[in-house]
Amino acid sequence: MYKCIIIDDEELARELIQTHLEQLDGFELIASCANAIEASKILQQQTVDLLFLDIEMPILKGTEFFRNLINKPKVIFITAYRDYALDGFELNAVDYLLKPISFGRFFNAIEKFKAHQQISIEENSVSYQPNADYTFVTKNRKKIKIIFENILYVESIKDYIKIHLTNESISVKFSISAFEKKLDNRFIRIHRSYIANRDKITAYTKQDIEIGKIELPIGENYKKSLSNLLF
């Protein structure tokens, strides 16, 4: 059962989402909130799987509220303004719904959420042994052994990661943050889209690293944490 919260300052909008949600199995509405402050108190007390979050609200905008959450549930943004779509997707939203929301469009967003959840289940089922020098990833229903020593770097491409090995590259449906947790301490996050094998780095500056002839950028948010590791 997926636990949900609706956050919208418009009562009619909240009631419509609740009506849509009641037609689906497997979803439990634990709160319907008129503002983000009210919702934040509930999120501190309960684990929530999905937020239906209005963007344009008084006191605190939905995007600002979500950006500052430490433990982020999945989110479907809701708004009457098409201009906010980019903000929503930059925050890795499941979907972005424009008011008034038809049940068909709502159902489509729910199906996207379920697909995201299935990916998370697959990621969590990846075999890993503490202190081992390898892990397994799933591709085309086949478990493929990845030996850490053979990884040059890992690249994030939308919902996929591309694992660049010494002799090949393997693309799998996986988040880079989840894969990072499977790796040992020879690997360092240098960018939101890149993890590098420190043993394979052949040169570096404060802006990028090199692995042989390959140049990878160092993200601004990672420079400080890398200062003790590289510089």
# chains A, B, ... in the order shown; residues from 1 in each chain; ligands from 1
>>> closest_atom_pairs(of="stretch 102-201 of chain A", to="stretch 22-35 of chain A", cutoff="10 Å", atoms="only C-alpha atoms", output="tab-separated table")
residue	atom	partner	partner_atom	distance
A:Phe103	CA	A:Gln23	CA	9.4
A:Phe107	CA	A:Leu24	CA	8.7
A:Ile110	CA	A:Leu24	CA	9.3
>>> closest_residue(among="A:Ile214, A:Ile7, A:Ile147, A:Leu50", to="A:Thr202", atoms="only C-alpha atoms")
A:Ile214
>>> closest_residue(among="A:Ser169, A:Ser175, A:Thr79, A:Gln117", to="A:Ala13", atoms="only C-alpha atoms")
A:Thr79
>>> atom_distance(atom1="atom CA of A:Asp95", atom2="atom CA of A:Ala115")
11.8 Å
>>> residues_around(residues="A:Leu226", least_positions_apart="6", cutoff="9 Å", atoms="only C-alpha atoms", output="list in words")
Ile188, Arg189, Ile190 and Ile218 of chain A
>>> write_last_selection(atoms="N, CA, C and O atoms", output="compact mmCIF listing (two decimals), in the first residue's frame")
# COMPACT_ATOMS: atom_id res chain seq x y z
N ILE A 188 34.93 7.60 -6.32
CA ILE A 188 34.58 8.93 -5.83
C ILE A 188 33.58 9.59 -6.78
O ILE A 188 33.69 9.48 -7.99
N ARG A 189 32.61 10.25 -6.18
CA ARG A 189 31.61 10.99 -6.96
C ARG A 189 32.23 12.34 -7.31
O ARG A 189 32.57 13.13 -6.44
N ILE A 190 32.36 12.62 -8.59
CA ILE A 190 32.99 13.87 -9.02
C ILE A 190 31.98 14.84 -9.64
O ILE A 190 32.29 16.01 -9.87
N ILE A 218 34.45 18.00 -13.16
CA ILE A 218 34.18 17.99 -11.74
C ILE A 218 33.08 19.00 -11.46
O ILE A 218 33.19 20.18 -11.81
>>> select_by_dssp(residues="chain A", states="strand (DSSP E)", output="PyMOL selection string")
chain A and resi 2-7+27-33+50-54+74-79+95-98+134-139+142-147+151-157+160-165+169-173+187-191+194-197+203-204+208-211+214-217
>>> residues_around(residues="A:Tyr222", least_positions_apart="2", cutoff="12 Å", atoms="only C-alpha atoms", output="compact mmCIF listing (two decimals) with N, CA and C atoms, in the first residue's frame")
# COMPACT_ATOMS: atom_id res chain seq x y z
N ILE A 188 34.93 7.60 -6.32
CA ILE A 188 34.58 8.93 -5.83
C ILE A 188 33.58 9.59 -6.78
N ARG A 189 32.61 10.25 -6.18
CA ARG A 189 31.61 10.99 -6.96
C ARG A 189 32.23 12.34 -7.31
N ILE A 190 32.36 12.62 -8.59
CA ILE A 190 32.99 13.87 -9.02
C ILE A 190 31.98 14.84 -9.64
N HIS A 191 30.77 14.36 -9.89
CA HIS A 191 29.77 15.15 -10.61
C HIS A 191 28.44 14.44 -10.40
N ARG A 192 27.34 15.16 -10.54
CA ARG A 192 26.03 14.50 -10.39
C ARG A 192 25.85 13.38 -11.40
N SER A 193 26.62 13.41 -12.49
CA SER A 193 26.48 12.41 -13.55
C SER A 193 27.66 11.45 -13.65
N TYR A 194 28.66 11.59 -12.78
CA TYR A 194 29.85 10.75 -12.93
C TYR A 194 30.41 10.25 -11.59
N ILE A 195 30.80 8.99 -11.59
CA ILE A 195 31.59 8.40 -10.50
C ILE A 195 32.87 7.89 -11.15
N LYS A 206 41.50 21.35 -11.13
CA LYS A 206 40.35 21.66 -10.27
C LYS A 206 39.04 21.66 -11.03
N GLN A 207 39.13 21.55 -12.37
CA GLN A 207 37.93 21.55 -13.20
C GLN A 207 37.55 20.17 -13.73
N ASP A 208 38.54 19.29 -13.88
CA ASP A 208 38.23 17.98 -14.46
C ASP A 208 39.27 16.94 -14.06
N PRO A 217 34.22 16.09 -16.23
CA PRO A 217 34.14 17.35 -15.47
C PRO A 217 33.95 17.10 -13.98
N ILE A 218 34.45 18.00 -13.16
CA ILE A 218 34.18 17.99 -11.74
C ILE A 218 33.08 19.00 -11.46
N GLY A 219 31.99 18.56 -10.87
CA GLY A 219 30.86 19.44 -10.59
C GLY A 219 31.19 20.43 -9.49
N GLU A 220 30.60 21.62 -9.57
CA GLU A 220 30.84 22.66 -8.58
C GLU A 220 30.54 22.19 -7.16
N LYS A 224 34.58 20.89 -3.23
CA LYS A 224 35.02 21.00 -1.84
C LYS A 224 35.29 19.63 -1.24
N SER A 225 34.39 18.68 -1.48
CA SER A 225 34.56 17.35 -0.91
C SER A 225 35.73 16.60 -1.54
N LEU A 226 36.08 16.97 -2.78
CA LEU A 226 37.19 16.30 -3.46
C LEU A 226 38.53 16.91 -3.12
N SER A 227 38.51 18.08 -2.47
CA SER A 227 39.77 18.80 -2.25
C SER A 227 40.77 17.96 -1.45
N ASN A 228 40.31 17.21 -0.49
CA ASN A 228 41.20 16.38 0.31
C ASN A 228 41.56 15.06 -0.37
N LEU A 229 40.78 14.69 -1.35
CA LEU A 229 41.01 13.42 -2.03
C LEU A 229 41.93 13.56 -3.24
N LEU A 230 41.88 14.72 -3.87
CA LEU A 230 42.65 14.89 -5.11
C LEU A 230 43.65 16.03 -5.03
>>> residues_around(residues="stretch 40-49 of chain A", least_positions_apart="3", cutoff="7 Å", atoms="only C-alpha atoms", output="PDB file with N, CA, C and O atoms, in the first residue's frame")
ATOM      1  N   TYR A   2       0.713   2.093  -1.026  1.00  0.00           N
ATOM      2  CA  TYR A   2       1.493   3.323  -1.122  1.00  0.00           C
ATOM      3  C   TYR A   2       0.804   4.440  -0.330  1.00  0.00           C
ATOM      4  O   TYR A   2      -0.385   4.699  -0.517  1.00  0.00           O
ATOM      5  N   LYS A   3       1.558   5.102   0.540  1.00  0.00           N
ATOM      6  CA  LYS A   3       1.017   6.186   1.355  1.00  0.00           C
ATOM      7  C   LYS A   3       1.232   7.520   0.649  1.00  0.00           C
ATOM      8  O   LYS A   3       2.339   7.818   0.197  1.00  0.00           O
ATOM      9  N   CYS A   4       0.171   8.320   0.583  1.00  0.00           N
ATOM     10  CA  CYS A   4       0.201   9.558  -0.201  1.00  0.00           C
ATOM     11  C   CYS A   4      -0.242  10.759   0.638  1.00  0.00           C
ATOM     12  O   CYS A   4      -1.015  10.625   1.589  1.00  0.00           O
ATOM     13  N   ALA A  36       2.362  23.736   2.663  1.00  0.00           N
ATOM     14  CA  ALA A  36       3.548  22.910   2.837  1.00  0.00           C
ATOM     15  C   ALA A  36       3.959  22.772   4.297  1.00  0.00           C
ATOM     16  O   ALA A  36       4.500  21.741   4.701  1.00  0.00           O
ATOM     17  N   ILE A  37       3.707  23.807   5.099  1.00  0.00           N
ATOM     18  CA  ILE A  37       4.085  23.764   6.512  1.00  0.00           C
ATOM     19  C   ILE A  37       3.315  22.657   7.224  1.00  0.00           C
ATOM     20  O   ILE A  37       3.878  21.887   8.019  1.00  0.00           O
ATOM     21  N   PRO A  73      10.116  11.907  -0.822  1.00  0.00           N
ATOM     22  CA  PRO A  73       9.263  10.894  -1.458  1.00  0.00           C
ATOM     23  C   PRO A  73       9.247  11.164  -2.968  1.00  0.00           C
ATOM     24  O   PRO A  73       9.790  12.167  -3.439  1.00  0.00           O
ATOM     25  N   LYS A  74       8.606  10.286  -3.715  1.00  0.00           N
ATOM     26  CA  LYS A  74       8.334  10.590  -5.110  1.00  0.00           C
ATOM     27  C   LYS A  74       7.302  11.724  -5.144  1.00  0.00           C
ATOM     28  O   LYS A  74       6.494  11.866  -4.218  1.00  0.00           O
TER      29      LYS A  74
END
>>> residues_around(residues="A:Leu152", least_positions_apart="2", cutoff="7 Å", atoms="only C-alpha atoms", output="list in words")
Asn150, His164, Leu165, Thr166, Ala196, Asn197 and Lys200 of chain A
>>> closest_residue(among="A:Val172, A:Val154, A:Ile78, A:Ile146", to="A:Gly62", atoms="only C-alpha atoms")
A:Ile78
>>> closest_residue(among="A:Lys223, A:Arg198, A:Lys173, A:Lys145", to="A:Lys158", atoms="only C-alpha atoms")
A:Lys173
>>> select_by_dssp(residues="stretch 12-101 of chain A", states="helix (DSSP H, G or I)", output="ChimeraX atom specification")
/A:12-22,36-45,62-67,82-90
